[in-house]
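Below is one structure, written out as C-alpha cells; the observations come after it.
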Amino acid sequence: MYGLEAINAQNGWSMALVGITIVFTGLVALSFAISQLKKLIELWENRDKLTGKNGMVNENVGTEGIELPDHWPEDIHEAAGLYEPLFKKLGDSFPLADLYKLSEENNYPHPHLTIKRLRDAQILIPVGDGNFTRNQ
Amino acid sequence: MYGLEAINAQNGWSMALVGITIVFTGLVALSFAISQLKKLIELWENRDKLTGKNGMVNENVGTEGIELPDHWPEDIHEAAGLYEPLFKKLGDSFPLADLYKLSEENNYPHPHLTIKRLRDAQILIPVGDGNFTRNQ
Amino acid sequence: MYGLEAINAQNGWSMALVGITIVFTGLVALSFAISQLKKLIELWENRDKLTGKNGMVNENVGTEGIELPDHWPEDIHEAAGLYEPLFKKLGDSFPLADLYKLSEENNYPHPHLTIKRLRDAQILIPVGDGNFTRNQ
Amino acid sequence: MSDLFVNFLSNTGYFLADYRHVIMIVVGCIFVYLAVAKKYEPLLLIPIGFGIIVGNIPFFKGFGLGIYENNSVFHYLYFGVKTGLYPSIVFLGLGSMTDFSSLLARPKLMLLGAAAQMGIFFTLLGALALGFLPKEAASIAIIGGADGPTSIFLTAKLAPHLIGPIAIAAYSYMALIPVIQPPIMRLFTTRKERLIRMPDPREVSKKELLIFPIVATLLCCLLAPTALPLLGMLFFGNFLKVSGGVERLAQTARTSIIDTATILLGFTVGMSTQADVFLNGRSLGIFFLGAVAFSIATASGIIFAKIMNLFIKEKINPLLGASGVSAVPGSAREVHLMGQHEDPTNFLLMHAMACNSSGVIGSAIAAGVLWSFMMV
Amino acid sequence: MSDLFVNFLSNTGYFLADYRHVIMIVVGCIFVYLAVAKKYEPLLLIPIGFGIIVGNIPFFKGFGLGIYENNSVFHYLYFGVKTGLYPSIVFLGLGSMTDFSSLLARPKLMLLGAAAQMGIFFTLLGALALGFLPKEAASIAIIGGADGPTSIFLTAKLAPHLIGPIAIAAYSYMALIPVIQPPIMRLFTTRKERLIRMPDPREVSKKELLIFPIVATLLCCLLAPTALPLLGMLFFGNFLKVSGGVERLAQTARTSIIDTATILLGFTVGMSTQADVFLNGRSLGIFFLGAVAFSIATASGIIFAKIMNLFIKEKINPLLGASGVSAVPGSAREVHLMGQHEDPTNFLLMHAMACNSSGVIGSAIAAGVLWSFMMV
Amino acid sequence: MSDLFVNFLSNTGYFLADYRHVIMIVVGCIFVYLAVAKKYEPLLLIPIGFGIIVGNIPFFKGFGLGIYENNSVFHYLYFGVKTGLYPSIVFLGLGSMTDFSSLLARPKLMLLGAAAQMGIFFTLLGALALGFLPKEAASIAIIGGADGPTSIFLTAKLAPHLIGPIAIAAYSYMALIPVIQPPIMRLFTTRKERLIRMPDPREVSKKELLIFPIVATLLCCLLAPTALPLLGMLFFGNFLKVSGGVERLAQTARTSIIDTATILLGFTVGMSTQADVFLNGRSLGIFFLGAVAFSIATASGIIFAKIMNLFIKEKINPLLGASGVSAVPGSAREVHLMGQHEDPTNFLLMHAMACNSSGVIGSAIAAGVLWSFMMV
Ligand code: NA
Ligand code: NA
Ligand code: NA
C-alpha cells in the first residue's frame, strides 16, 4: 500500500496530529513551569524572611561579613588580630570548643592549628573553670 | 600421534609455509604501498598547482602571512593598526560582513568584538549605503 | 515464626556467635601478621648485610651520593666537571660502555648525549685499544 | 598445500569483494574526508566513517567475525546499539555538559524546540505514503529530530533492521547542517528579520538550575514515560553537573563515559552498514526522507517563530527557529553564523543553544510518543 | 484519532500515578535535598535520590522500559547491581584510593574494626526474630556493616528481591552518620575518655605497604573465600596504588572506573525502589532494623575500645571504636569532629581512618561468612 | 553450633588448599616481585601476578564464586577475555598511542616485522610434533608473536581451555625479554654489525599519517579478514590519534579505555590459572614451546636482516631484527640498549619501534591466518 491510502490505513493523520500536540503540550508545560520557577523561589526565600525563621542568620550577627585576607598571616599576633571579632562575640571567657565552632562557621583556615598556636603564645589563657580568655 | 607423523597428518608443513608466505605478502604489500604514498601525495598536490585550481590561495593574496602579536592590544587604536592590511585589501568601502569574514580567515582573535569596538571608537564609520569605511 | 522461637529454629545463636568469632579471628590474625611485618622486613634486610651479599652496594662505592644539580649545565666543560667522580672511579682508561653504564646507575641525565659531546669536545680521547681516557 | 592456499585465497576479502563493498568503502572514506578536511562533526563522522570502512571488508560468514554474527567481538560491541544502551549513556554525558541557563532565562524559546519537531511527524506521513510499515515509518520519521542517539534508540526499539541506514542518514544530515540549513533559513526570512537582536539573557540563580532537571524529568516523563531512557539520563547527568557536590562524577560523565560511548556507538553503527544489508532501495528511500525531514524541521521552526512574533512584543529572531532541531551544537552555530553574517555584532549563539537544547528534549519526547503509538 | 489520544493519555504517568509514586518521588527529592543542601554524602545520595525520582515515574509495563523488565536499558544497567559487579568494581577503586599506612602503624586498631561488626550479628538475630527468612535476615544484618557496596553485594547473592530497601537503608544511615553516631558516642564515653590523645603514627616503609595487600588477601580470603569478590578487588586496587610502577592504572581505577560504577550503582539502586515493589511492611522492618544495626555497631566499637583499655598501657580513645563501622570516611570524620569539639588540638582523623578501613575489611569478611552460612 | 563451625572451617581456603595452590600463589608472588623490584613490564605482571594469587585461593565450588562458575562476578569480568573483547579494546588503545611515523619513513623495516613471525610457524610444527591438536597447536604457536592480546584473542577463538597457560607463557616471556633476547642477539651478530648506524628517519607529512591507517586496514584485512577484530581496532585507534579533530576521543582511548581493559584483562587472565586447571603437563609443554617460539622469532628477525643486507646498499643494523617480535616496547628497548652498549652514541630506538609496530601488525595477520586455517 502506498500514498494516502497507506497513511489512512495506518492511522497516520491521527498519529501525526496527536504526536505533535503531545510534544507541544510537554514543552509548553515545561516552559510555563520554568517561567514560574523564579517567582516561586523568590516567594520561598521571602517566606523565610517574613516568618522570621532566619535564626541561623541571627546567630552570626556581628561576625558575618568578616573579611579574611587571602594569605593567612604567618605571625601569630597578626593572626590573633583577625580573631578579635570572634573574641568580642564570645565575651570575656569561653570554652575553646565554642571558639573553634565559630571560627569554622566563619571559614577561618586551620582553626585548630591556630587555636593551638594562640594558646602556645599565651594569647589565650585559661581562667580556671575550663574556659579561656583573651590575654589583654 | 607425535613427531613428524603428527605434523604430516595435520598438514603442518603446508600450514607453516602458506602461513609465513601470507604474512610476508601482507607486510610486503603494505611496505610497498607506503613507500609509494609519499610520491602519490606529492603528485596530487602538484596536480592542484599545475591545473591552477588554487583559487583559494589567490583569494588571500595580500593578507596571507599577516603576523599577529601573541597578545592582542587592549587599546583599540593599536588594534586598528593590526586591521590595516584588511582595510587595504577591502578597498574604500565595504560591508562589515566582509571585514568579519576576512578577519576570521586570517585568524584574528574575537573579530566581532573588535569590529564592534572599532565602530564604537568611530574608526569604522558608515558611508550611507550599508557599507563602512576606515575613518582616516 | 517469630521471636526467640524463630532464632532457635534457624540456628541463629550459633550463626551469630560463630560469625563474630570468625570476623575477630580474621582481623586478629591480620593485625598480628602486620605487627610482625616490620620486624620480618628488618630481619630480611639485615640478613643481606650480615651475609655480605651487598655486592651491588659496594660497586657504587665512591660514586654513591653524587649530588647532581637540578639544571644540567649547558656548557660541556662544566658538565665534564660533574663527570669527574665517574672518571676517577673508572681509572685511567675505560670503554665508553662502562662510562655509560655508570652514569646511568648514578642517574646522570642524557648520558649518551653528554658522552657524545664529551668526545666531540675532545674531553674524552681514544687511547687506541678501543678504550678512552680523560683528556687532562 | 595448494588446497590450503586456494582455500585461504577464496576466503580473502580480495576474492569476496564485489562492487557494493567498494561503494561502501568509498562512502566511508568520504565521511572521514569530510570530517578531517571540512571539519564537519568529526566526533561523529570519524568513528562512523572508519566503521563503514572496517565493516565493509568482506569476510567469510560463519567464523563469528561480523557484527551480525553471534559471539563475535563486534557483535558484543554492537550490543550497546541494539539495546539502546549507548544512546542512553550518551544522553547522560550530554546532560553533564549542557548548560540550560539560557533556556531558563528565556523559557519562551522552548516552543521553537517543539515546533521543529513537526519535521518528524510530516516525515512519518511521508514514510507511510512510501509504503514503509508503521514501525519503520516511525523510526525513519525520528531522523527529523536531528538527533543521532535518539534516532538510534527509537530504531533499536522499533525496527532494528534499519539501524544502519537510519543512523547513517541522521548523522550525515547532522554533519551536513552547514549545507542544508542556510538556504532554507534564507528562503524563509527577510534580511530585516535576520537582523533582529535578542536582549542578553538574565542571570539565572543556582536554585533554578538545581530545580530544573527535576521538574523537567517529572513534567516530560510523566507525560511520555517512554522517553525515560533518554530524558531520565539527560536530566540526571545535568543534575550531576549543577549540584556542585559531585563534580568528580560529572567530570567523568562528560569525559571518559561519553567519549567511550561515542567511540563505540559511532564505530559499530558504521560497521552495521555491511554492504549486503545496507545497499538497497529501502536505504535510498530513507536517505530521501531524511533530507525531507531535516528541511521541514528547519522550516517549521522558522515559520513558527514568525507566527510567535505576531503575538509577542519582544520579537524573536526567526533564525532561532532553525536551531530547534536538536543537532547540538551544529545548528546553533549555523544560526549564529548567519546572524553574524548579516550583522557581525549580533550574538545569537546563547539563544540558539537554548532552542537547540529544547530541541533535544522535544525530539526525545517525540521518540517516546512514537514508541508508545507503535506499542498500542 | 480520539482513540489514539485516549490510549496515549491512559499510558501517561499522570494517569498511572498513585499516592505511592508521589511518596517515593518525595523521598527521592529529600535525598537530593540532603545531599545538596546539607552535603550529606552527595556522591551516594545524589545518584540514588535522582534514581528514586526517575524509577518512580509510573509507566505501562510491557514496553521493555522498567528496570525489572527484560531488555530495557535500565535492566542492563541494573545488571551490575544484580550480579554484584558494581560493588566489586567499587572496591577495586576504593582500594586504589585507600592509604593503609596508619593501620600498618597501629595494627591494634584493627580490633575495633572487628568489634563494630557485632552490629551485624545482633541484627541477624533481630531480623530472624521479626520473622524474616534466614537469607533475608542475613542480607538485612549486613546493613550493620555500614558499607553500601558490601550490603548490595550480599543481598544480590542471597535475597535479590530486597536489594532496593536494603541498599536504601544502608545508604540512608551512612548519610545520617552525623545524626546517628554523635549521641551514641556521647552516651558511652566520659569527657575524660574523649580527651585521650593518640600518639602520632610511626613512619611506615614502602615494603610494608607493598606486602600488606598480599598478606591481607591471603589471610582474609583463605579464612573466608566468599569475601574474594570484595576483598580480592580491594587489595588488588590497593596494590596498584602502592606498587608505584603502574600509577596510570591506579589513577584510572580511582577516577574513571570508580566514578562510572558509583554513578550507575547509585542511579540503578535508586531506580530499583519502584513504588510497587518497595513500599510495604517489609521495607519498614528493614529500615527499623537498619537503625538498630547502626546503633549497635557504633556502641559495640566504643565499648570494645573501653574493654581494650583495661588491658593495655597506651590507652585508646574509645571514640575511635565508633569508626570501626565501615562508612568511609563519614564515621572517621565524625569521630575526629567530636574529638576536636572536646579539645580542638586533638587530631583523631588518621587513627579513625585506620579503624574505618579495618571496618571495611571486617564487614566484607562478615558478608563472606554470612554468605557461606546460607549456602551450607 | 559446632556443626556450623566445622562446616565453615571445612570451606575455608586453609582447609581446601593443597600443594598446587601454594605453588601457584608463589608463582603469583614471583610475578609481582619481578614487576615491582625488577621493573619487568609492571603494567602486565602486576595485574596478572595479583590475579594469580587471588585466583588460587581455594574455595568451595558451587557458590558461584570462581572464574569458571556461572554467575560469579569474576566470570562476568572474564567474559571480556573469553570473547576476545579485551584484546580488541587493548588494540584500540594501542592504536591511539602508536606513532607510525618512523615506520612510514622507512617502510623497508616492515619486512623485519614479518620475518620475526617465523617463530610462530616453527612453533606450530613443534606443537603438532608434541602431540597437541591443531587448534591447540595454533594457539600455542601464536606465543611466538610475542603479543599478549593477540595470543589471548586467538586462543579464545580456537582453544579457550588453554587461555590461562598460553597467556601466562606469552606475558612471562614478554616480561623476560631482557633475559631472553640479548644472548640470542649477541650470538647471531658480530660487533661490527651491532655498530651499524641508521640514518635519521625523514620527516613524515600529516597526510601520510592520515592515509596510512586506512590503507593498512584495507591491505591487511582484505588479505586476512580474520585479523579485523585486532587490526581494525588498532588502525581505528590510530586514526583517532592522527586525525587531530577528535583528540578528546583519542585521549580517552589511550587512558581510561586501555587502562580499564589492561586491569581487567591482566587480573582475570591471572585468575584463570586456578591450580586445578592450570598445573599439568600440558602447561609445561606450552611453556617449553613458548620459550622456543620466542627464541626462534628473535633469531629469524636478526638473520633476515642479515640476508637483506646482502641485497641493499644502506645496511640495516641486524639487531633491529630482534625487535620484529611485537613485544612493544620491550624488545625495541632491548635492541636500543644493546646498540648503546656497543656505542653509546648510536640511537636505534626509533628504528626498533618501527620494527616493533610492524611486528604487531605481522602477528595479528598471523593470528588471522591461523584462525582461518583452523576453520577450513
Ligand atoms: Na531534535
Ligand atoms: Na563495615
Ligand atoms: Na608479533
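Chain labels A, B, ... are given in the sequence in which chains occur in the C-alpha cells; within each chain residues are numbered consecutively from 1, and ligands are likewise numbered from 1 in the order shown.
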Would you list the residues that come within 7 Å of ligand 1? Count only C-alpha atoms and all ligand atoms and give the answer as an MDAnalysis selection string. chainID D and resid 117 145:147 324:327 359:360 362:363
File of the preceding selection, N, CA and C atoms, as a PDB file, in the first residue's frame:
```
ATOM      1  N   GLN D 117      10.012  19.935  15.767  1.00  0.00           N
ATOM      2  CA  GLN D 117       9.716  18.502  15.742  1.00  0.00           C
ATOM      3  C   GLN D 117       8.602  18.167  14.738  1.00  0.00           C
ATOM      4  N   GLY D 145      14.207  14.681  13.881  1.00  0.00           N
ATOM      5  CA  GLY D 145      14.586  15.277  15.155  1.00  0.00           C
ATOM      6  C   GLY D 145      16.035  15.721  15.160  1.00  0.00           C
ATOM      7  N   ALA D 146      16.788  15.264  14.148  1.00  0.00           N
ATOM      8  CA  ALA D 146      18.191  15.662  14.020  1.00  0.00           C
ATOM      9  C   ALA D 146      19.007  15.251  15.222  1.00  0.00           C
ATOM     10  N   ASP D 147      18.663  14.135  15.786  1.00  0.00           N
ATOM     11  CA  ASP D 147      19.360  13.702  16.990  1.00  0.00           C
ATOM     12  C   ASP D 147      19.810  12.255  16.797  1.00  0.00           C
ATOM     13  N   GLY D 324      15.916  24.836  16.483  1.00  0.00           N
ATOM     14  CA  GLY D 324      15.025  23.989  17.274  1.00  0.00           C
ATOM     15  C   GLY D 324      15.244  22.515  16.992  1.00  0.00           C
ATOM     16  N   VAL D 325      15.850  22.182  15.841  1.00  0.00           N
ATOM     17  CA  VAL D 325      16.259  20.796  15.638  1.00  0.00           C
ATOM     18  C   VAL D 325      17.360  20.532  16.646  1.00  0.00           C
ATOM     19  N   SER D 326      17.555  19.271  17.000  1.00  0.00           N
ATOM     20  CA  SER D 326      18.440  19.071  18.143  1.00  0.00           C
ATOM     21  C   SER D 326      19.877  18.756  17.768  1.00  0.00           C
ATOM     22  N   ALA D 327      20.311  19.113  16.579  1.00  0.00           N
ATOM     23  CA  ALA D 327      21.714  18.882  16.229  1.00  0.00           C
ATOM     24  C   ALA D 327      22.584  19.847  17.025  1.00  0.00           C
ATOM     25  N   GLY D 359      15.264  21.495  21.636  1.00  0.00           N
ATOM     26  CA  GLY D 359      15.081  20.545  20.543  1.00  0.00           C
ATOM     27  C   GLY D 359      15.431  19.137  20.978  1.00  0.00           C
ATOM     28  N   VAL D 360      16.508  19.002  21.753  1.00  0.00           N
ATOM     29  CA  VAL D 360      16.896  17.679  22.255  1.00  0.00           C
ATOM     30  C   VAL D 360      15.762  17.099  23.096  1.00  0.00           C
ATOM     31  N   GLY D 362      12.619  17.995  23.032  1.00  0.00           N
ATOM     32  CA  GLY D 362      11.453  17.787  22.183  1.00  0.00           C
ATOM     33  C   GLY D 362      11.551  16.507  21.371  1.00  0.00           C
ATOM     34  N   SER D 363      12.723  16.251  20.790  1.00  0.00           N
ATOM     35  CA  SER D 363      12.792  15.063  19.946  1.00  0.00           C
ATOM     36  C   SER D 363      12.792  13.800  20.792  1.00  0.00           C
TER      37      SER D 363
END
```
With only C-alpha atoms as the counted atoms, please give the residues lying no more than 12 Å from His77 (chain C), apart from itself and same-chain residues fewer than 4 positions off, as a PDB file with C-alpha atoms, in the first residue's frame.
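The resulting file, selection_21.pdb, is shown below:
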```
ATOM      1  CA  TRP C  72      72.319  20.281  33.912  1.00  0.00           C
ATOM      2  CA  PRO C  73      74.863  22.826  32.695  1.00  0.00           C
ATOM      3  CA  GLY C  81      83.261  18.568  35.917  1.00  0.00           C
ATOM      4  CA  LEU C  82      80.208  16.682  37.065  1.00  0.00           C
ATOM      5  CA  TYR C  83      81.588  13.579  35.388  1.00  0.00           C
ATOM      6  CA  GLU C  84      84.892  13.735  37.287  1.00  0.00           C
ATOM      7  CA  THR C 114      76.657  14.030  27.064  1.00  0.00           C
ATOM      8  CA  ILE C 115      79.239  11.342  26.291  1.00  0.00           C
ATOM      9  CA  ARG C 117      79.539  15.849  23.390  1.00  0.00           C
ATOM     10  CA  LEU C 118      82.474  14.969  25.654  1.00  0.00           C
ATOM     11  CA  ARG C 119      84.050  13.179  22.681  1.00  0.00           C
ATOM     12  CA  ASP C 120      83.291  15.992  20.286  1.00  0.00           C
ATOM     13  CA  ALA C 121      84.849  18.437  22.708  1.00  0.00           C
ATOM     14  CA  GLN C 122      87.933  16.222  22.929  1.00  0.00           C
ATOM     15  CA  ILE C 123      87.463  15.867  26.657  1.00  0.00           C
ATOM     16  CA  LEU C 124      87.339  12.128  26.152  1.00  0.00           C
ATOM     17  CA  ASN C 135      91.975  14.413  28.336  1.00  0.00           C
ATOM     18  CA  GLN C 136      93.782  16.258  31.136  1.00  0.00           C
TER      19      GLN C 136
END
```
Compute the set of chain F residues within 9 Å of chain B, using only C-alpha atoms, and express it as a ChimeraX atom specification. /F:103-111,113-115,117-118,120-122,124-134,204-205,207-208,211-212,215-216,219-220,223-224,358,361-363,365-366,369-370,373
Contacts of Ile286 (chain D) at 7 Å (only C-alpha atoms; same-chain gap of 5+ positions) as a ChimeraX atom specification: /D:140,165-166
Using DSSP on the backbone coordinates, identify all residues within region 41-271 of chain D classified as helix (DSSP H, G or I); present the result as a ChimeraX atom specification. /D:42-55,73-82,85-97,101-105,107-115,118-129,134-145,148-158,160-175,177-188,191-194,206-223,225-243,247-271
What is the distance between CA of Lys61 (chain E) and CA of Pro87 (chain E), in Å to one decimal? 28.5 Å
Counting only C-alpha atoms, chain F residues within 6 Å of chain E, as a PyMOL selection string: chain F and resi 12-14+43+59+73+256+259
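Around region 335-337 of chain F, within 7 Å and counting only C-alpha atoms, the residues found are F:Leu319, F:Leu320, F:Ala322, F:Ser323, F:Phe347, F:Leu348, F:Leu349, F:Ala352, once anything fewer than 6 positions away on its own chain is removed.
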List as a list in words the protein and nucleic acid residues near region 15-22 of chain F, meaning an atom at most 10 Å away when only C-alpha atoms are counted, but skip any in the same chain fewer than 5 places from it. Leu222 and Leu223 of chain E; Phe8, Leu9, Ser10, Val27, Gly28, Ile52, Ile53, Gly55, Asn56, Ile57, Pro58, Phe59, Phe60, Gln274, Ala275, Asp276, Phe278 and Leu279 of chain F
Those same residues, written as a PDB file, in the first residue's frame with C-alpha atoms?
```pdb
ATOM      1  CA  LEU E 222      41.809 -18.116  52.929  1.00  0.00           C
ATOM      2  CA  LEU E 223      39.632 -17.724  56.018  1.00  0.00           C
TER       3      LEU E 223
ATOM      4  CA  PHE F   8      32.613 -23.315  57.911  1.00  0.00           C
ATOM      5  CA  LEU F   9      36.139 -24.491  58.624  1.00  0.00           C
ATOM      6  CA  SER F  10      35.864 -27.181  56.007  1.00  0.00           C
ATOM      7  CA  VAL F  27      54.282 -18.035  41.181  1.00  0.00           C
ATOM      8  CA  GLY F  28      51.946 -15.051  41.572  1.00  0.00           C
ATOM      9  CA  ILE F  52      47.191 -15.495  40.109  1.00  0.00           C
ATOM     10  CA  ILE F  53      47.262 -15.003  43.871  1.00  0.00           C
ATOM     11  CA  GLY F  55      42.606 -16.966  41.660  1.00  0.00           C
ATOM     12  CA  ASN F  56      44.423 -19.591  43.665  1.00  0.00           C
ATOM     13  CA  ILE F  57      42.745 -19.003  46.957  1.00  0.00           C
ATOM     14  CA  PRO F  58      40.859 -22.304  47.073  1.00  0.00           C
ATOM     15  CA  PHE F  59      37.102 -22.169  47.598  1.00  0.00           C
ATOM     16  CA  PHE F  60      34.139 -24.470  47.692  1.00  0.00           C
ATOM     17  CA  GLN F 274      43.348 -21.850  39.021  1.00  0.00           C
ATOM     18  CA  ALA F 275      45.703 -24.595  40.113  1.00  0.00           C
ATOM     19  CA  ASP F 276      43.383 -27.461  39.239  1.00  0.00           C
ATOM     20  CA  PHE F 278      46.495 -24.996  35.202  1.00  0.00           C
ATOM     21  CA  LEU F 279      49.079 -27.261  36.776  1.00  0.00           C
TER      22      LEU F 279
END
```
